[in-house]
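Engineer: Structure incoming, see below.
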Amino acid sequence: MAVDLGTANTLIYTVDDGIVLNQPSVVCFERHATPCESTLAAVGSAAKQLLGRTPANLETVRPLQHGVIANVPAAQQMIRSFVDMACPRRLFGRRATFTICVPAGATNVERRAIREAAFAAGAASVHLIGELLASAVGAGVPVASATASMVVDIGGGTTEVGMIAHGSVVCGGSARVGGDQFDLAIINHVRNVYGVMLGEQTAEHVKKTIGTALRNAPVERMRATGRSLEDSLPRTVELTSHDVADALVVPLRHVIDAVRAVLETAPPELVTDVAETGIVLTGGGALLANLDACLSAQLCVPVRVADEPMTCAVRGAGAAASLLDEYAFD
Ligand code: ADP
Ligand code: MG
């Protein structure tokens, strides 16, 4: 089975059943009198619902932040719970091989922690694959080709950029900007312009509903409720897609700068390749409307959004795993 351990979402894929789990990467612990003893209270979407509204005896954590494992024990608990949810132990045999996508920046200590968590969850063997390479495979990029392609994965807390050729990431980079920073930019914009403080989940909902990377798209409107800065009472404002486009100018510039930085340091041959093959966008952030047009206008290269960008990494890891199996049986 393949596991994509993302900052925002964790996905599990099996060759036989496809995507068997797609849950927010959130865990909620119940605190006990003894500080080191805490038990798992909720995981995944049940835990995400508690974010921002957690009772005092509970603690809600996102074990991964900015593409790195910020809380190793919580990440291990989360992996074990998700594997149990996706595939109850009696259903999957002893020979399960796990292929897990890890962020490019994961340290050896983090990699070992992920391996241990996978073994604790019942894995017989564990392969780790870079998230960007897995995303490229899932997006249908010809990764083995000598001609380089560029993949930009916009996740919850990071944007990973890489040029891929000969089956590996030839050069790449990352920036600490992703969907979470888009949400925060919307919160700041609405606070400054309308004097209303939105919650993070409301801002994310606004982004998904009327979000756009370009101002010249037809205007869409929606109502959002937050707390008025004036009297601290609930206040509903009508937001337009132009509000979101204005709010996202700065975080999108960070995404563009990250891509530019990789293009600037890459050997000229690779840049020539990318001018032809273009850029493929993966990750949930790629679902922002008109992002492809915005990037292509700024970078002067063709840009396309992968099919099902949020599941590229896990599907690609699954495909890479079946290749490994083939090799193993040779
Ligand atoms: P990660 O790999 O870090 O777990 P994902 O690839 O799952 O991240 O992407 C999660 C991000 O994608 C979140 O910030 C979420 O708000 C954003 N996202 C999901 N759907 C949309 C959408 N329709 N429009 C804009 N952003 C979206
Ligand atoms: Mg991801």
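Going by the structure tokens order, chains are called A, B, ..., each with residues numbered from 1, while ligands are numbered from 1 in the order shown.
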Based on DSSP run over this structure's backbone, return all residues of segment 87-233 of chain A in helix (DSSP H, G or I), as an MDAnalysis selection string.
Structural biologist: chainID A and resid 89:91 108:120 131:138 179:194 200:210
Engineer: Could you tell me, as number ranges by chain, which residues of segment 52-120 of chain A DSSP assigns to strand (DSSP E) when given the backbone?
Structural biologist: A: 58-61, 64-65, 68-69, 97-102
Engineer: Quick one: residues within 7 Å of ligand 2, with only C-alpha atoms and all ligand atoms, as number ranges by chain?
Structural biologist: A: 4, 6-7, 131, 153, 155, 283, 313
Engineer: How would the residues just picked look written out with all heavy atoms as a PDB file, in the first residue's frame?
Structural biologist:
ATOM      1  N   ASP A   4       0.551   8.750   1.542  1.00  0.00           N
ATOM      2  CA  ASP A   4       1.039  10.126   1.364  1.00  0.00           C
ATOM      3  C   ASP A   4       0.784  10.869   2.657  1.00  0.00           C
ATOM      4  O   ASP A   4      -0.347  11.175   3.005  1.00  0.00           O
ATOM      5  CB  ASP A   4       0.303  10.806   0.198  1.00  0.00           C
ATOM      6  CG  ASP A   4       0.604  12.301   0.121  1.00  0.00           C
ATOM      7  OD1 ASP A   4       1.538  12.760   0.800  1.00  0.00           O
ATOM      8  OD2 ASP A   4      -0.098  13.005  -0.618  1.00  0.00           O
ATOM      9  N   GLY A   6       0.844  13.968   4.181  1.00  0.00           N
ATOM     10  CA  GLY A   6       0.926  15.392   3.846  1.00  0.00           C
ATOM     11  C   GLY A   6       0.733  16.281   5.058  1.00  0.00           C
ATOM     12  O   GLY A   6       0.244  15.843   6.096  1.00  0.00           O
ATOM     13  N   THR A   7       1.112  17.552   4.916  1.00  0.00           N
ATOM     14  CA  THR A   7       0.905  18.521   5.991  1.00  0.00           C
ATOM     15  C   THR A   7      -0.588  18.684   6.258  1.00  0.00           C
ATOM     16  O   THR A   7      -1.019  18.781   7.402  1.00  0.00           O
ATOM     17  CB  THR A   7       1.459  19.894   5.553  1.00  0.00           C
ATOM     18  OG1 THR A   7       2.807  19.724   5.163  1.00  0.00           O
ATOM     19  CG2 THR A   7       1.375  20.896   6.662  1.00  0.00           C
ATOM     20  N   GLU A 131       8.250  12.982  -2.174  1.00  0.00           N
ATOM     21  CA  GLU A 131       6.881  13.350  -2.513  1.00  0.00           C
ATOM     22  C   GLU A 131       6.781  13.924  -3.932  1.00  0.00           C
ATOM     23  O   GLU A 131       5.832  13.644  -4.662  1.00  0.00           O
ATOM     24  CB  GLU A 131       6.395  14.382  -1.501  1.00  0.00           C
ATOM     25  CG  GLU A 131       4.946  14.715  -1.670  1.00  0.00           C
ATOM     26  CD  GLU A 131       4.445  15.750  -0.679  1.00  0.00           C
ATOM     27  OE1 GLU A 131       5.260  16.313   0.070  1.00  0.00           O
ATOM     28  OE2 GLU A 131       3.234  15.988  -0.690  1.00  0.00           O
ATOM     29  N   ASP A 153       4.463  21.237  -6.635  1.00  0.00           N
ATOM     30  CA  ASP A 153       3.450  20.673  -5.749  1.00  0.00           C
ATOM     31  C   ASP A 153       3.117  21.699  -4.665  1.00  0.00           C
ATOM     32  O   ASP A 153       3.978  22.076  -3.879  1.00  0.00           O
ATOM     33  CB  ASP A 153       3.973  19.377  -5.116  1.00  0.00           C
ATOM     34  CG  ASP A 153       2.946  18.730  -4.202  1.00  0.00           C
ATOM     35  OD1 ASP A 153       2.799  19.186  -3.047  1.00  0.00           O
ATOM     36  OD2 ASP A 153       2.286  17.782  -4.639  1.00  0.00           O
ATOM     37  N   GLY A 155       1.184  22.223  -1.471  1.00  0.00           N
ATOM     38  CA  GLY A 155       0.475  21.505  -0.408  1.00  0.00           C
ATOM     39  C   GLY A 155      -0.091  22.466   0.620  1.00  0.00           C
ATOM     40  O   GLY A 155      -0.334  23.646   0.337  1.00  0.00           O
ATOM     41  N   GLY A 283      -0.900  18.759  -6.008  1.00  0.00           N
ATOM     42  CA  GLY A 283      -1.210  19.189  -4.640  1.00  0.00           C
ATOM     43  C   GLY A 283      -2.519  19.970  -4.626  1.00  0.00           C
ATOM     44  O   GLY A 283      -2.975  20.477  -5.657  1.00  0.00           O
ATOM     45  N   ALA A 313       0.329  12.301  -5.562  1.00  0.00           N
ATOM     46  CA  ALA A 313       1.469  11.742  -4.828  1.00  0.00           C
ATOM     47  C   ALA A 313       1.195  10.299  -4.417  1.00  0.00           C
ATOM     48  O   ALA A 313       2.030   9.419  -4.628  1.00  0.00           O
ATOM     49  CB  ALA A 313       1.780  12.607  -3.606  1.00  0.00           C
TER      50      ALA A 313
END
Engineer: So, with only C-alpha atoms and all ligand atoms as the atoms that count, which of A:Ala42, A:Ala124, A:Val206, A:Val271 lies closest to ligand 1?
Structural biologist: A:Val206
Engineer: Compute the set of protein, DNA and RNA residues whose minimum atom distance to ligand 1 is at most 6 Å, using only C-alpha atoms and all ligand atoms, and state it as a PyMOL selection string.
Structural biologist: chain A and resi 6-9+155-157+179-180+204+207-208+283-285+287-288+310
Engineer: For a quick check of understanding, using only C-alpha atoms, which of A:Cys28, A:Ile69, A:Leu299, A:Leu270 has the smallest distance to Leu51 of chain A?
Structural biologist: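 Closest to Leu51 of chain A, using only C-alpha atoms: A:Cys28.
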Engineer: To one decimal place in Å, what is the distance between atom CA of Gly211 of chain A and atom CA of Val244 of chain A?
Structural biologist: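 Those two atoms sit 5.6 Å apart.
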Engineer: So that I can check the surroundings of Val151 of chain A, please list as a list in words every protein, DNA and RNA residue that reaches within 9 Å of it, counting only C-alpha atoms and ignoring chain neighbours fewer than 3 positions away.
Structural biologist: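 Everything that qualifies: Leu132, Leu133, Ser135, Ala136, Ala139, Val141, Glu160, Val161, Gly162, Met163, Ile164, Gly278, Ile279, Val280, Leu281 and Thr282 of chain A.
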Engineer: Could you write out that same residue set with C-alpha atoms as a PDB file, in the first residue's frame?
Structural biologist:
ATOM      1  CA  LEU A 132       7.730  15.340  -5.620  1.00  0.00           C
ATOM      2  CA  LEU A 133       8.868  12.319  -7.620  1.00  0.00           C
ATOM      3  CA  SER A 135       3.577  13.390  -7.572  1.00  0.00           C
ATOM      4  CA  ALA A 136       5.293  13.504 -10.955  1.00  0.00           C
ATOM      5  CA  ALA A 139       0.576  13.266 -12.750  1.00  0.00           C
ATOM      6  CA  VAL A 141       4.965  13.079 -16.209  1.00  0.00           C
ATOM      7  CA  GLU A 160       7.933  21.948  -3.599  1.00  0.00           C
ATOM      8  CA  VAL A 161       9.495  22.637  -6.977  1.00  0.00           C
ATOM      9  CA  GLY A 162      11.588  20.180  -8.930  1.00  0.00           C
ATOM     10  CA  MET A 163      12.973  19.431 -12.345  1.00  0.00           C
ATOM     11  CA  ILE A 164      12.683  15.758 -13.063  1.00  0.00           C
ATOM     12  CA  GLY A 278       6.070  23.079 -19.347  1.00  0.00           C
ATOM     13  CA  ILE A 279       5.161  22.942 -15.668  1.00  0.00           C
ATOM     14  CA  VAL A 280       2.708  20.502 -14.094  1.00  0.00           C
ATOM     15  CA  LEU A 281       0.900  21.624 -10.938  1.00  0.00           C
ATOM     16  CA  THR A 282       0.001  19.057  -8.263  1.00  0.00           C
TER      17      THR A 282
END
Engineer: Segment 96-199 of chain A near segment 254-265 of chain A within 9 Å: what's each residue's closest atom pair and its distance in Å to one decimal, counting only C-alpha atoms, ordered by chain then ascending residue number, as a tab-separated table?
Structural biologist:
residue	atom	partner	partner_atom	distance
A:Val152	CA	A:Val259	CA	7.7
A:Ile154	CA	A:Val255	CA	8.4
A:Thr159	CA	A:Val255	CA	6.8
A:Glu160	CA	A:Ala258	CA	8.3
A:Val161	CA	A:Val259	CA	6.2
A:Gly162	CA	A:Val262	CA	7.4
A:Met163	CA	A:Val262	CA	8.2
A:Cys171	CA	A:Val262	CA	7.2
A:Gly172	CA	A:Val262	CA	5.9
A:Gly173	CA	A:Val262	CA	6.2
A:Ser174	CA	A:Ala258	CA	6.5
A:Ala175	CA	A:Ala258	CA	6.0
A:Arg176	CA	A:His254	CA	8.6
A:Val177	CA	A:Val255	CA	6.8
A:Gly178	CA	A:Val255	CA	8.0
Engineer: Please produce a file of the residues just selected, as a PDB file, in the first residue's frame, where the atoms kept are N, CA and C atoms.
Structural biologist:
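The result, stored in out-v4.pdb:
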ATOM      1  N   VAL A 152       5.471  21.316  -9.830  1.00  0.00           N
ATOM      2  CA  VAL A 152       5.298  22.217  -8.697  1.00  0.00           C
ATOM      3  C   VAL A 152       4.150  21.671  -7.861  1.00  0.00           C
ATOM      4  N   ILE A 154       1.870  22.162  -4.664  1.00  0.00           N
ATOM      5  CA  ILE A 154       1.462  23.165  -3.671  1.00  0.00           C
ATOM      6  C   ILE A 154       0.595  22.460  -2.627  1.00  0.00           C
ATOM      7  N   THR A 159       5.465  24.636  -0.766  1.00  0.00           N
ATOM      8  CA  THR A 159       5.453  24.455  -2.213  1.00  0.00           C
ATOM      9  C   THR A 159       6.779  23.807  -2.560  1.00  0.00           C
ATOM     10  N   GLU A 160       6.708  22.651  -3.201  1.00  0.00           N
ATOM     11  CA  GLU A 160       7.933  21.948  -3.599  1.00  0.00           C
ATOM     12  C   GLU A 160       8.060  22.067  -5.108  1.00  0.00           C
ATOM     13  N   VAL A 161       9.263  22.442  -5.552  1.00  0.00           N
ATOM     14  CA  VAL A 161       9.495  22.637  -6.977  1.00  0.00           C
ATOM     15  C   VAL A 161      10.630  21.726  -7.397  1.00  0.00           C
ATOM     16  N   GLY A 162      10.484  21.031  -8.499  1.00  0.00           N
ATOM     17  CA  GLY A 162      11.588  20.180  -8.930  1.00  0.00           C
ATOM     18  C   GLY A 162      11.600  19.964 -10.421  1.00  0.00           C
ATOM     19  N   MET A 163      12.816  19.827 -10.945  1.00  0.00           N
ATOM     20  CA  MET A 163      12.973  19.431 -12.345  1.00  0.00           C
ATOM     21  C   MET A 163      13.307  17.961 -12.333  1.00  0.00           C
ATOM     22  N   CYS A 171      17.111  18.985 -10.021  1.00  0.00           N
ATOM     23  CA  CYS A 171      17.338  20.120  -9.135  1.00  0.00           C
ATOM     24  C   CYS A 171      15.987  20.608  -8.652  1.00  0.00           C
ATOM     25  N   GLY A 172      15.987  21.155  -7.466  1.00  0.00           N
ATOM     26  CA  GLY A 172      14.693  21.533  -6.904  1.00  0.00           C
ATOM     27  C   GLY A 172      14.858  22.511  -5.763  1.00  0.00           C
ATOM     28  N   GLY A 173      13.730  22.890  -5.204  1.00  0.00           N
ATOM     29  CA  GLY A 173      13.740  23.799  -4.073  1.00  0.00           C
ATOM     30  C   GLY A 173      12.376  23.789  -3.436  1.00  0.00           C
ATOM     31  N   SER A 174      12.247  24.475  -2.325  1.00  0.00           N
ATOM     32  CA  SER A 174      10.924  24.543  -1.721  1.00  0.00           C
ATOM     33  C   SER A 174      10.764  25.864  -0.993  1.00  0.00           C
ATOM     34  N   ALA A 175       9.530  26.241  -0.765  1.00  0.00           N
ATOM     35  CA  ALA A 175       9.248  27.483  -0.045  1.00  0.00           C
ATOM     36  C   ALA A 175       8.156  27.184   0.963  1.00  0.00           C
ATOM     37  N   ARG A 176       8.216  27.903   2.076  1.00  0.00           N
ATOM     38  CA  ARG A 176       7.225  27.668   3.129  1.00  0.00           C
ATOM     39  C   ARG A 176       5.955  28.432   2.831  1.00  0.00           C
ATOM     40  N   VAL A 177       5.375  28.137   1.707  1.00  0.00           N
ATOM     41  CA  VAL A 177       4.116  28.789   1.359  1.00  0.00           C
ATOM     42  C   VAL A 177       3.228  27.719   0.722  1.00  0.00           C
ATOM     43  N   GLY A 178       1.969  27.707   1.117  1.00  0.00           N
ATOM     44  CA  GLY A 178       1.032  26.731   0.584  1.00  0.00           C
ATOM     45  C   GLY A 178      -0.382  27.171   0.927  1.00  0.00           C
TER      46      GLY A 178
END
Engineer: Please report the interatomic distance between atom CA of Val61 of chain A and atom CA of His32 of chain A in Å with one decimal.
Structural biologist: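 Atom CA of His32 of chain A lies at a distance of 16.1 Å from atom CA of Val61 of chain A.
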Engineer: Show which residues sit within 10 Å of segment 230-239 of chain A, as a PyMOL selection string. Count only C-alpha atoms, and ignore same-chain residues fewer than 3 positions away.
Structural biologist: chain A and resi 190+194-198+206+210+220-227+242-244
Engineer: Would you save the residues of that selection, restricted to N, CA and C atoms, as a JSON list (two decimals), in the first residue's frame?
Structural biologist:
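Output file again.json is given in full below:
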[["chain", "number", "residue", "atom", "x", "y", "z"],
["A", 190, "VAL", "N", -9.50, 40.31, 4.86],
["A", 190, "VAL", "CA", -10.88, 40.58, 5.31],
["A", 190, "VAL", "C", -10.84, 41.41, 6.59],
["A", 194, "TYR", "N", -12.58, 44.80, 5.80],
["A", 194, "TYR", "CA", -13.96, 44.78, 6.32],
["A", 194, "TYR", "C", -14.03, 44.85, 7.84],
["A", 195, "GLY", "N", -12.89, 44.78, 8.52],
["A", 195, "GLY", "CA", -12.89, 44.82, 9.98],
["A", 195, "GLY", "C", -13.54, 43.60, 10.60],
["A", 196, "VAL", "N", -13.43, 42.46, 9.92],
["A", 196, "VAL", "CA", -14.03, 41.23, 10.45],
["A", 196, "VAL", "C", -12.96, 40.14, 10.48],
["A", 197, "MET", "N", -12.92, 39.43, 11.60],
["A", 197, "MET", "CA", -11.91, 38.38, 11.79],
["A", 197, "MET", "C", -12.55, 37.02, 11.47],
["A", 198, "LEU", "N", -12.06, 36.39, 10.39],
["A", 198, "LEU", "CA", -12.59, 35.07, 10.03],
["A", 198, "LEU", "C", -11.77, 33.98, 10.70],
["A", 206, "VAL", "N", -13.88, 29.86, 1.94],
["A", 206, "VAL", "CA", -13.99, 30.97, 0.99],
["A", 206, "VAL", "C", -13.05, 30.73, -0.19],
["A", 210, "ILE", "N", -14.84, 30.57, -3.84],
["A", 210, "ILE", "CA", -14.77, 31.67, -4.81],
["A", 210, "ILE", "C", -13.33, 32.09, -5.11],
["A", 220, "GLU", "N", -17.41, 36.31, -8.60],
["A", 220, "GLU", "CA", -18.32, 35.44, -7.84],
["A", 220, "GLU", "C", -18.40, 36.00, -6.42],
["A", 221, "ARG", "N", -19.53, 35.75, -5.78],
["A", 221, "ARG", "CA", -19.74, 36.31, -4.45],
["A", 221, "ARG", "C", -20.15, 35.24, -3.45],
["A", 222, "MET", "N", -19.83, 35.47, -2.18],
["A", 222, "MET", "CA", -20.38, 34.60, -1.12],
["A", 222, "MET", "C", -20.34, 35.34, 0.20],
["A", 223, "ARG", "N", -21.15, 34.87, 1.13],
["A", 223, "ARG", "CA", -21.20, 35.50, 2.44],
["A", 223, "ARG", "C", -20.36, 34.69, 3.42],
["A", 224, "ALA", "N", -19.64, 35.40, 4.30],
["A", 224, "ALA", "CA", -18.83, 34.71, 5.30],
["A", 224, "ALA", "C", -19.00, 35.41, 6.64],
["A", 225, "THR", "N", -19.05, 34.64, 7.70],
["A", 225, "THR", "CA", -19.29, 35.21, 9.03],
["A", 225, "THR", "C", -18.05, 35.07, 9.90],
["A", 226, "GLY", "N", -17.73, 36.17, 10.58],
["A", 226, "GLY", "CA", -16.60, 36.16, 11.52],
["A", 226, "GLY", "C", -16.94, 37.07, 12.69],
["A", 227, "ARG", "N", -15.86, 37.49, 13.41],
["A", 227, "ARG", "CA", -16.10, 38.37, 14.56],
["A", 227, "ARG", "C", -15.72, 39.79, 14.19],
["A", 242, "HIS", "N", -12.75, 38.87, -6.29],
["A", 242, "HIS", "CA", -11.68, 39.87, -6.38],
["A", 242, "HIS", "C", -11.00, 40.08, -5.04],
["A", 243, "ASP", "N", -11.78, 40.00, -3.96],
["A", 243, "ASP", "CA", -11.17, 40.09, -2.63],
["A", 243, "ASP", "C", -10.12, 39.01, -2.46],
["A", 244, "VAL", "N", -10.50, 37.78, -2.89],
["A", 244, "VAL", "CA", -9.57, 36.66, -2.71],
["A", 244, "VAL", "C", -8.34, 36.86, -3.60]]
Engineer: By how many Å are atom CA of Leu184 of chain A and atom CA of Thr158 of chain A apart?
Structural biologist: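 We find that atom CA of Leu184 of chain A and atom CA of Thr158 of chain A lie 13.8 Å from each other.
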